[in-house]
Amino acid sequence: MADAIIAEGLSKTFNGSVKAVDGVSFTVKEGEIFGFLGPNGAGKTTTLSMLTAVLGPTGGRATVDGLDVVRHPHELKQRIGLVFQEATADQDLTGRENLELAAALFGVPLRDTPKRVGDLLERLQLGDSSERLVRTYSGGMRRRLELAVGIVHSPRVLFLDEPTLGLDPQGRAGFWKIIEQLREDSGMTVFLTTHYLDEADGMCDRIAIIDHGKIVAEGTPSQLKDRLGGDVVTVRPIGTADSLEASLKALPGVTNVVQQEGVFRVKCPNGDVLIPKIVGAATSLGISIAGITLQRPSLDEVFLEFTGREYREDEGPSATDRAVFMTRLQSARRGIR
Ligand SMILES: Nc1ncnc2c1ncn2[C@@H]1O[C@H](COP(=O)(O)OP(=O)(O)OP(=O)(O)O)[C@@H](O)[C@H]1O
Ligand SMILES: [Mg+2]
């Protein structure tokens with residue numbers, strides 16, 4: 001598989017001093033869903049902005065779909081889709097009109113537009129409300145329309161900056177189902193940032209955790225969890241089974257065994273592979289087992305381990321929003337003077 005995104009030492013320093021992104025390197029393969037996670041102000045939006053040629057890097061380089069982001073910004077913008085958190089759709093147009101406008105802006109051939117727009121509206125469950133003004137849309141409908149606008153020109157790579165923030169669980173699930181279908185049908189690559197760890201866990205093929213502008217961990221969700229020392233398998237034997245402890249400790253991959261009130265807690269990187277071996281060890285000792293449970297560490301624990309911070313979904317206004325606000329405030333002040 002070819003690489004859809006390559007970043008090498010990508011950096012951004014604002015105002016000569018704020019190192020928002022500090023030499024990040026990673027690759028995203030074609031057709032992958034890649035998640036960028038990190039606390040407020042970590043540098044997620046700044047990275048995404050550089051990859052989409054919205055912001056110029058101050059160091060390093062990046063290519064998206066084979067195009068250098070600095071040398072070919074215009075061509076790049078035609079090939080990618082971009083969905084930011086803030087709404088871009090025109091409230092005083094209908095959903096269909098917004099999409100037709102976006103199609104024209106992105107150079108979709110006029111003869112293809114009606115079918116493309118019609119298909120997208122159906123697919124994003126906006127068919128029934130396509131003739132309504134966007135100002136009457138619910139939050140979930142607006143998000144789906146933003147997504148439709150982002151993909152109307154069938155981009156090769158789709159960038160999503162916290163696309164489901166503020167949606168209820170049902171709205172989030174519906175949104176991701178659509179993304180997954182699109183990826184399946186068109187092989188589109190997806191780069192996303194999200195504040196919801198469970199979402200990243202379920203959706204992303206691979207994840208990078210960024211903190212203070214640097215990537216602190218990268219891998220598939222299960223690789224990241226394995227790096228924490230892995231799963232906990234709880235074994236509940238019938239009756240006393242002290243002799244089992246030594247056998248459990250001797251199994252390949254087991255890093256720790258604790259016995260508490262007749263129940264064994266076994267730590268290992270791949271609990272699912274270990275379970276049959278545990279059953280085998282017990283059987284050969286003539287011990288019957290009442291039950292076995294497998295517990296995998298969650299991404300919350302991974303996040304805590306690598307950033308030293310507990311993950312909180314209610315972290316307040318995002319660093320991105322604050323920076324945009326300050327820039328607007330400064331230019332407004334300049335206007336007053
Ligand atoms: N235009 C700007 N001018 C100055 N500083 C900025 C600008 N944009 C971002 N920053 C700063 O760069 C750092 C990284 O910001 P960025 O928006 O990339 O974070 P983020 O990971 O997207 O955070 P959040 O989760 O809060 O959106 C922050 O310290 C932020 O204040
Ligand atoms: Mg951000």
# chains A, B, ... in the order shown; residues from 1 in each chain; ligands from 1
call {"tool": "residues_around", "arguments": {"residues": "Met203 (chain A)", "least_positions_apart": "3", "cutoff": "12 Å", "atoms": "only C-alpha atoms", "output": "PyMOL selection string"}}
result
chain A and resi 32-36+172-173+175-181+183+190-194+196-200+206-207+220-221
call {"tool": "write_last_selection", "arguments": {"atoms": "N, CA and C atoms", "output": "compact mmCIF listing (two decimals), in the first residue's frame"}}
result
# COMPACT_ATOMS: atom_id res chain seq x y z
N GLU A 32 -6.21 4.08 5.13
CA GLU A 32 -6.19 3.95 6.59
C GLU A 32 -7.04 5.04 7.24
N ILE A 33 -7.54 4.76 8.44
CA ILE A 33 -8.12 5.81 9.28
C ILE A 33 -7.12 6.05 10.40
N PHE A 34 -6.57 7.25 10.42
CA PHE A 34 -5.48 7.58 11.34
C PHE A 34 -5.96 8.65 12.30
N GLY A 35 -5.80 8.41 13.60
CA GLY A 35 -6.31 9.35 14.60
C GLY A 35 -5.19 10.09 15.30
N PHE A 36 -5.41 11.39 15.48
CA PHE A 36 -4.46 12.23 16.21
C PHE A 36 -5.12 12.61 17.53
N ARG A 172 -22.95 10.58 16.99
CA ARG A 172 -21.56 10.22 16.74
C ARG A 172 -21.47 8.88 16.03
N ALA A 173 -22.25 7.92 16.54
CA ALA A 173 -22.21 6.58 15.95
C ALA A 173 -22.65 6.64 14.49
N PHE A 175 -22.49 9.18 12.43
CA PHE A 175 -21.46 9.87 11.66
C PHE A 175 -20.34 8.91 11.28
N TRP A 176 -19.87 8.13 12.25
CA TRP A 176 -18.73 7.23 11.99
C TRP A 176 -19.11 6.08 11.07
N LYS A 177 -20.38 5.69 11.15
CA LYS A 177 -20.82 4.61 10.27
C LYS A 177 -20.70 5.06 8.81
N ILE A 178 -21.06 6.32 8.58
CA ILE A 178 -20.98 6.86 7.23
C ILE A 178 -19.52 6.92 6.76
N ILE A 179 -18.64 7.37 7.66
CA ILE A 179 -17.22 7.45 7.30
C ILE A 179 -16.69 6.06 6.93
N GLU A 180 -17.07 5.09 7.73
CA GLU A 180 -16.60 3.73 7.49
C GLU A 180 -17.08 3.22 6.13
N GLN A 181 -18.34 3.50 5.81
CA GLN A 181 -18.88 3.08 4.51
C GLN A 181 -18.12 3.74 3.37
N ARG A 183 -15.11 4.87 3.34
CA ARG A 183 -13.77 4.30 3.24
C ARG A 183 -13.84 2.95 2.52
N VAL A 190 -8.40 8.60 5.78
CA VAL A 190 -8.99 9.56 6.72
C VAL A 190 -7.99 9.91 7.82
N PHE A 191 -7.78 11.20 8.02
CA PHE A 191 -6.94 11.70 9.11
C PHE A 191 -7.85 12.50 10.02
N LEU A 192 -7.93 12.11 11.29
CA LEU A 192 -8.86 12.82 12.16
C LEU A 192 -8.26 13.15 13.51
N THR A 193 -8.78 14.21 14.11
CA THR A 193 -8.48 14.47 15.51
C THR A 193 -9.79 14.31 16.25
N THR A 194 -9.71 13.81 17.47
CA THR A 194 -10.94 13.67 18.24
C THR A 194 -10.66 13.81 19.72
N TYR A 196 -12.74 12.20 21.73
CA TYR A 196 -13.40 11.04 22.33
C TYR A 196 -12.52 9.80 22.14
N LEU A 197 -11.95 9.32 23.24
CA LEU A 197 -11.00 8.21 23.14
C LEU A 197 -11.68 6.92 22.71
N ASP A 198 -12.90 6.70 23.17
CA ASP A 198 -13.58 5.45 22.79
C ASP A 198 -13.84 5.44 21.29
N GLU A 199 -14.10 6.63 20.76
CA GLU A 199 -14.34 6.79 19.34
C GLU A 199 -13.07 6.45 18.55
N ALA A 200 -11.95 6.99 19.00
CA ALA A 200 -10.67 6.72 18.34
C ALA A 200 -10.35 5.23 18.40
N ARG A 206 -4.85 3.22 13.15
CA ARG A 206 -3.67 3.59 13.93
C ARG A 206 -3.90 4.95 14.57
N ILE A 207 -3.13 5.18 15.65
CA ILE A 207 -3.29 6.39 16.44
C ILE A 207 -1.93 6.97 16.75
N THR A 220 -1.24 0.85 16.59
CA THR A 220 -2.66 0.49 16.54
C THR A 220 -3.18 0.61 17.97
N PRO A 221 -4.51 0.80 18.13
CA PRO A 221 -5.03 0.88 19.49
C PRO A 221 -4.57 -0.31 20.34
call {"tool": "select_by_dssp", "arguments": {"residues": "region 65-145 of chain A", "states": "strand (DSSP E)", "output": "PyMOL selection string"}}
result
chain A and resi 67-68+80-83
call {"tool": "closest_residue", "arguments": {"among": "A:Thr46, A:Thr13, A:Thr307, A:Ser247", "to": "ligand 1", "atoms": "only C-alpha atoms and all ligand atoms"}}
result
A:Thr46
call {"tool": "atom_distance", "arguments": {"atom1": "CA of Lys267 (chain A)", "atom2": "CA of Cys204 (chain A)"}}
result
25.5 Å
call {"tool": "select_by_dssp", "arguments": {"residues": "region 74-313 of chain A", "states": "helix (DSSP H, G or I)", "output": "ChimeraX atom specification"}}
result
/A:74-79,95-105,110-123,127-129,134-136,139-151,169-186,197-203,221-226,244-250,271-284,299-307
call {"tool": "write_last_selection", "arguments": {"atoms": "C-alpha atoms", "output": "mmCIF file, in the first residue's frame"}}
result
data_model
loop_
_atom_site.group_PDB
_atom_site.id
_atom_site.type_symbol
_atom_site.label_atom_id
_atom_site.label_comp_id
_atom_site.auth_asym_id
_atom_site.auth_seq_id
_atom_site.Cartn_x
_atom_site.Cartn_y
_atom_site.Cartn_z
ATOM 1 C CA HIS A 74 -3.658 24.563 -4.882
ATOM 2 C CA GLU A 75 -3.557 21.128 -6.455
ATOM 3 C CA LEU A 76 -3.574 19.637 -2.966
ATOM 4 C CA LYS A 77 -6.732 21.474 -1.965
ATOM 5 C CA GLN A 78 -8.558 19.943 -4.937
ATOM 6 C CA ARG A 79 -7.612 16.439 -3.868
ATOM 7 C CA GLY A 95 -28.892 21.638 2.209
ATOM 8 C CA ARG A 96 -29.020 20.871 -1.502
ATOM 9 C CA GLU A 97 -28.046 24.427 -2.487
ATOM 10 C CA ASN A 98 -25.071 24.329 -0.132
ATOM 11 C CA LEU A 99 -23.883 21.114 -1.712
ATOM 12 C CA GLU A 100 -24.364 22.389 -5.262
ATOM 13 C CA LEU A 101 -22.335 25.465 -4.370
ATOM 14 C CA ALA A 102 -19.542 23.337 -2.903
ATOM 15 C CA ALA A 103 -19.570 21.106 -6.006
ATOM 16 C CA ALA A 104 -19.087 24.165 -8.216
ATOM 17 C CA LEU A 105 -16.305 25.531 -6.006
ATOM 18 C CA LEU A 110 -21.729 20.431 -14.065
ATOM 19 C CA ARG A 111 -23.225 17.351 -15.732
ATOM 20 C CA ASP A 112 -22.207 15.164 -12.780
ATOM 21 C CA THR A 113 -23.425 17.545 -10.083
ATOM 22 C CA PRO A 114 -27.165 16.665 -9.768
ATOM 23 C CA LYS A 115 -26.484 12.937 -9.389
ATOM 24 C CA ARG A 116 -23.499 13.417 -7.086
ATOM 25 C CA VAL A 117 -25.420 15.833 -4.845
ATOM 26 C CA GLY A 118 -28.551 13.655 -4.837
ATOM 27 C CA ASP A 119 -26.569 10.524 -3.938
ATOM 28 C CA LEU A 120 -24.711 12.265 -1.135
ATOM 29 C CA LEU A 121 -27.884 13.699 0.387
ATOM 30 C CA GLU A 122 -29.428 10.233 0.447
ATOM 31 C CA ARG A 123 -26.322 8.610 1.781
ATOM 32 C CA GLY A 127 -32.696 13.356 1.541
ATOM 33 C CA ASP A 128 -35.940 14.292 3.297
ATOM 34 C CA SER A 129 -34.601 17.633 4.506
ATOM 35 C CA VAL A 134 -29.879 24.869 6.959
ATOM 36 C CA ARG A 135 -30.884 27.163 9.850
ATOM 37 C CA THR A 136 -33.676 24.678 10.632
ATOM 38 C CA GLY A 139 -26.720 19.648 15.212
ATOM 39 C CA GLY A 140 -26.376 16.143 13.810
ATOM 40 C CA MET A 141 -27.844 17.139 10.445
ATOM 41 C CA ARG A 142 -25.450 20.095 10.213
ATOM 42 C CA ARG A 143 -22.474 17.843 10.921
ATOM 43 C CA ARG A 144 -23.595 15.441 8.206
ATOM 44 C CA LEU A 145 -24.011 18.319 5.773
ATOM 45 C CA GLU A 146 -20.508 19.580 6.621
ATOM 46 C CA LEU A 147 -19.234 16.112 5.852
ATOM 47 C CA ALA A 148 -21.142 16.041 2.553
ATOM 48 C CA VAL A 149 -19.586 19.391 1.613
ATOM 49 C CA GLY A 150 -16.156 18.002 2.518
ATOM 50 C CA ILE A 151 -16.483 14.984 0.232
ATOM 51 C CA PRO A 169 -23.622 9.235 21.221
ATOM 52 C CA GLN A 170 -26.225 8.295 18.634
ATOM 53 C CA GLY A 171 -25.206 11.168 16.356
ATOM 54 C CA ARG A 172 -21.555 10.222 16.738
ATOM 55 C CA ALA A 173 -22.212 6.577 15.950
ATOM 56 C CA GLY A 174 -24.208 7.536 12.833
ATOM 57 C CA PHE A 175 -21.462 9.872 11.658
ATOM 58 C CA TRP A 176 -18.732 7.229 11.988
ATOM 59 C CA LYS A 177 -20.825 4.606 10.270
ATOM 60 C CA ILE A 178 -20.979 6.858 7.227
ATOM 61 C CA ILE A 179 -17.217 7.450 7.302
ATOM 62 C CA GLU A 180 -16.599 3.734 7.490
ATOM 63 C CA GLN A 181 -18.878 3.079 4.511
ATOM 64 C CA LEU A 182 -17.136 5.787 2.474
ATOM 65 C CA ARG A 183 -13.771 4.296 3.245
ATOM 66 C CA GLU A 184 -15.000 0.860 2.250
ATOM 67 C CA ASP A 185 -16.496 2.050 -1.026
ATOM 68 C CA SER A 186 -13.825 4.436 -2.231
ATOM 69 C CA LEU A 197 -11.003 8.211 23.143
ATOM 70 C CA ASP A 198 -13.579 5.452 22.791
ATOM 71 C CA GLU A 199 -14.336 6.792 19.339
ATOM 72 C CA ALA A 200 -10.671 6.718 18.335
ATOM 73 C CA ASP A 201 -10.375 3.212 19.728
ATOM 74 C CA GLY A 202 -13.275 1.908 17.689
ATOM 75 C CA MET A 203 -12.638 3.831 14.471
ATOM 76 C CA PRO A 221 -5.030 0.876 19.488
ATOM 77 C CA SER A 222 -4.132 -2.650 20.628
ATOM 78 C CA GLN A 223 -0.383 -2.090 20.285
ATOM 79 C CA LEU A 224 -0.673 1.009 22.457
ATOM 80 C CA LYS A 225 -2.625 -0.897 25.058
ATOM 81 C CA ASP A 226 -0.104 -3.758 24.950
ATOM 82 C CA LEU A 244 -2.186 -23.595 39.546
ATOM 83 C CA GLU A 245 -0.156 -20.486 40.457
ATOM 84 C CA ALA A 246 3.222 -21.900 39.447
ATOM 85 C CA SER A 247 1.813 -23.226 36.150
ATOM 86 C CA LEU A 248 0.284 -19.843 35.329
ATOM 87 C CA LYS A 249 3.571 -18.052 36.039
ATOM 88 C CA ALA A 250 5.360 -20.462 33.689
ATOM 89 C CA GLY A 271 -4.842 -12.223 27.019
ATOM 90 C CA ASP A 272 -6.986 -13.730 24.265
ATOM 91 C CA VAL A 273 -4.118 -15.988 23.132
ATOM 92 C CA LEU A 274 -3.357 -16.979 26.714
ATOM 93 C CA ILE A 275 -6.862 -18.165 27.662
ATOM 94 C CA PRO A 276 -6.674 -21.575 25.920
ATOM 95 C CA LYS A 277 -3.231 -22.128 27.452
ATOM 96 C CA ILE A 278 -4.624 -21.388 30.916
ATOM 97 C CA VAL A 279 -7.412 -23.899 30.339
ATOM 98 C CA GLY A 280 -4.843 -26.462 29.185
ATOM 99 C CA ALA A 281 -2.642 -25.896 32.267
ATOM 100 C CA ALA A 282 -5.614 -26.266 34.607
ATOM 101 C CA THR A 283 -6.856 -29.408 32.860
ATOM 102 C CA SER A 284 -3.464 -31.103 33.100
ATOM 103 C CA LEU A 299 -7.212 4.111 25.672
ATOM 104 C CA ASP A 300 -7.861 6.340 28.689
ATOM 105 C CA GLU A 301 -5.074 4.520 30.503
ATOM 106 C CA VAL A 302 -2.823 4.785 27.433
ATOM 107 C CA PHE A 303 -3.472 8.528 27.322
ATOM 108 C CA LEU A 304 -2.660 8.907 31.012
ATOM 109 C CA GLU A 305 0.525 6.868 30.655
ATOM 110 C CA PHE A 306 1.919 8.859 27.724
ATOM 111 C CA THR A 307 0.790 12.396 28.546
#
call {"tool": "closest_residue", "arguments": {"among": "A:Thr293, A:Gln125, A:Asn40, A:Ser11", "to": "Asp211 (chain A)", "atoms": "only C-alpha atoms"}}
result
A:Asn40
call {"tool": "residues_around", "arguments": {"residues": "Ala42 (chain A)", "least_positions_apart": "2", "cutoff": "7 Å", "atoms": "only C-alpha atoms", "output": "ChimeraX atom specification"}}
result
/A:38-40,44,210-213
call {"tool": "residues_around", "arguments": {"residues": "Leu55 (chain A)", "least_positions_apart": "2", "cutoff": "12 Å", "atoms": "only C-alpha atoms", "output": "list in words"}}
result
Leu10, Ser11, Lys12, Thr13, Phe14, Val21, Thr45, Thr46, Thr47, Leu48, Ser49, Met50, Leu51, Thr52, Ala53, Pro57, Thr58, Gly59, Val69, Val70 and Pro73 of chain A
call {"tool": "atom_distance", "arguments": {"atom1": "atom 7 (C, counted along the ligand's line) of ligand 1", "atom2": "CA of Gly23 (chain A)"}}
result
16.5 Å
call {"tool": "closest_residue", "arguments": {"among": "A:Gly187, A:Gly81, A:Gly286, A:Gly41", "to": "ligand 1", "atoms": "only C-alpha atoms and all ligand atoms"}}
result
A:Gly41
call {"tool": "atom_distance", "arguments": {"atom1": "CA of Arg156 (chain A)", "atom2": "CA of Met188 (chain A)"}}
result
5.3 Å
call {"tool": "decode", "arguments": {"residues": "region 67-197 of chain A", "atoms": "C-alpha atoms", "output": "CSV table (one decimal), in the first residue's frame"}}
result
chain,number,residue,atom,x,y,z
A,67,LEU,CA,2.0,16.3,-3.3
A,68,ASP,CA,4.3,18.5,-1.3
A,69,VAL,CA,2.1,20.7,0.9
A,70,VAL,CA,4.3,23.8,0.4
A,71,ARG,CA,5.0,23.5,-3.3
A,72,HIS,CA,1.6,22.4,-4.5
A,73,PRO,CA,-1.0,23.9,-2.2
A,74,HIS,CA,-3.7,24.6,-4.9
A,75,GLU,CA,-3.6,21.1,-6.5
A,76,LEU,CA,-3.6,19.6,-3.0
A,77,LYS,CA,-6.7,21.5,-2.0
A,78,GLN,CA,-8.6,19.9,-4.9
A,79,ARG,CA,-7.6,16.4,-3.9
A,80,ILE,CA,-8.4,16.6,-0.2
A,81,GLY,CA,-11.6,17.1,1.8
A,82,LEU,CA,-11.6,19.2,5.0
A,83,VAL,CA,-14.2,19.2,7.8
A,84,PHE,CA,-13.5,21.6,10.6
A,85,GLN,CA,-15.3,21.8,13.8
A,86,GLU,CA,-16.9,25.1,13.1
A,87,ALA,CA,-19.8,25.3,10.6
A,88,THR,CA,-19.1,26.6,7.1
A,89,ALA,CA,-22.5,25.9,5.5
A,90,ASP,CA,-24.7,28.9,4.6
A,91,GLN,CA,-27.7,29.0,7.0
A,92,ASP,CA,-29.9,30.8,4.5
A,93,LEU,CA,-29.5,28.2,1.8
A,94,THR,CA,-31.0,24.7,1.7
A,95,GLY,CA,-28.9,21.6,2.2
A,96,ARG,CA,-29.0,20.9,-1.5
A,97,GLU,CA,-28.0,24.4,-2.5
A,98,ASN,CA,-25.1,24.3,-0.1
A,99,LEU,CA,-23.9,21.1,-1.7
A,100,GLU,CA,-24.4,22.4,-5.3
A,101,LEU,CA,-22.3,25.5,-4.4
A,102,ALA,CA,-19.5,23.3,-2.9
A,103,ALA,CA,-19.6,21.1,-6.0
A,104,ALA,CA,-19.1,24.2,-8.2
A,105,LEU,CA,-16.3,25.5,-6.0
A,106,PHE,CA,-14.4,22.2,-6.1
A,107,GLY,CA,-14.7,21.9,-9.8
A,108,VAL,CA,-17.2,19.0,-10.0
A,109,PRO,CA,-18.3,18.8,-13.7
A,110,LEU,CA,-21.7,20.4,-14.1
A,111,ARG,CA,-23.2,17.4,-15.7
A,112,ASP,CA,-22.2,15.2,-12.8
A,113,THR,CA,-23.4,17.5,-10.1
A,114,PRO,CA,-27.2,16.7,-9.8
A,115,LYS,CA,-26.5,12.9,-9.4
A,116,ARG,CA,-23.5,13.4,-7.1
A,117,VAL,CA,-25.4,15.8,-4.8
A,118,GLY,CA,-28.6,13.7,-4.8
A,119,ASP,CA,-26.6,10.5,-3.9
A,120,LEU,CA,-24.7,12.3,-1.1
A,121,LEU,CA,-27.9,13.7,0.4
A,122,GLU,CA,-29.4,10.2,0.4
A,123,ARG,CA,-26.3,8.6,1.8
A,124,LEU,CA,-26.0,11.1,4.6
A,125,GLN,CA,-29.6,10.7,5.5
A,126,LEU,CA,-30.5,14.3,4.4
A,127,GLY,CA,-32.7,13.4,1.5
A,128,ASP,CA,-35.9,14.3,3.3
A,129,SER,CA,-34.6,17.6,4.5
A,130,SER,CA,-32.6,18.6,1.4
A,131,GLU,CA,-35.0,21.4,0.5
A,132,ARG,CA,-35.1,22.9,3.9
A,133,LEU,CA,-33.0,25.9,5.0
A,134,VAL,CA,-29.9,24.9,7.0
A,135,ARG,CA,-30.9,27.2,9.9
A,136,THR,CA,-33.7,24.7,10.6
A,137,TYR,CA,-31.3,21.7,10.8
A,138,SER,CA,-30.4,19.9,14.1
A,139,GLY,CA,-26.7,19.6,15.2
A,140,GLY,CA,-26.4,16.1,13.8
A,141,MET,CA,-27.8,17.1,10.4
A,142,ARG,CA,-25.4,20.1,10.2
A,143,ARG,CA,-22.5,17.8,10.9
A,144,ARG,CA,-23.6,15.4,8.2
A,145,LEU,CA,-24.0,18.3,5.8
A,146,GLU,CA,-20.5,19.6,6.6
A,147,LEU,CA,-19.2,16.1,5.9
A,148,ALA,CA,-21.1,16.0,2.6
A,149,VAL,CA,-19.6,19.4,1.6
A,150,GLY,CA,-16.2,18.0,2.5
A,151,ILE,CA,-16.5,15.0,0.2
A,152,VAL,CA,-18.6,16.3,-2.7
A,153,HIS,CA,-15.5,16.2,-5.0
A,154,SER,CA,-14.6,12.6,-4.0
A,155,PRO,CA,-11.3,13.5,-2.3
A,156,ARG,CA,-8.5,11.0,-2.0
A,157,VAL,CA,-7.7,12.0,1.6
A,158,LEU,CA,-10.3,13.4,4.1
A,159,PHE,CA,-9.2,15.5,7.1
A,160,LEU,CA,-11.6,15.8,10.1
A,161,ASP,CA,-10.9,18.1,13.0
A,162,GLU,CA,-13.0,17.0,15.9
A,163,PRO,CA,-15.9,16.4,13.7
A,164,THR,CA,-18.3,14.9,16.3
A,165,LEU,CA,-17.7,17.4,19.1
A,166,GLY,CA,-21.0,18.2,20.7
A,167,LEU,CA,-23.0,15.4,19.1
A,168,ASP,CA,-24.8,12.9,21.3
A,169,PRO,CA,-23.6,9.2,21.2
A,170,GLN,CA,-26.2,8.3,18.6
A,171,GLY,CA,-25.2,11.2,16.4
A,172,ARG,CA,-21.6,10.2,16.7
A,173,ALA,CA,-22.2,6.6,15.9
A,174,GLY,CA,-24.2,7.5,12.8
A,175,PHE,CA,-21.5,9.9,11.7
A,176,TRP,CA,-18.7,7.2,12.0
A,177,LYS,CA,-20.8,4.6,10.3
A,178,ILE,CA,-21.0,6.9,7.2
A,179,ILE,CA,-17.2,7.5,7.3
A,180,GLU,CA,-16.6,3.7,7.5
A,181,GLN,CA,-18.9,3.1,4.5
A,182,LEU,CA,-17.1,5.8,2.5
A,183,ARG,CA,-13.8,4.3,3.2
A,184,GLU,CA,-15.0,0.9,2.2
A,185,ASP,CA,-16.5,2.0,-1.0
A,186,SER,CA,-13.8,4.4,-2.2
A,187,GLY,CA,-10.7,3.5,-0.3
A,188,MET,CA,-10.5,7.1,0.9
A,189,THR,CA,-7.8,7.8,3.6
A,190,VAL,CA,-9.0,9.6,6.7
A,191,PHE,CA,-6.9,11.7,9.1
A,192,LEU,CA,-8.9,12.8,12.2
A,193,THR,CA,-8.5,14.5,15.5
A,194,THR,CA,-10.9,13.7,18.2
A,195,HIS,CA,-11.6,14.3,21.9
A,196,TYR,CA,-13.4,11.0,22.3
A,197,LEU,CA,-11.0,8.2,23.1
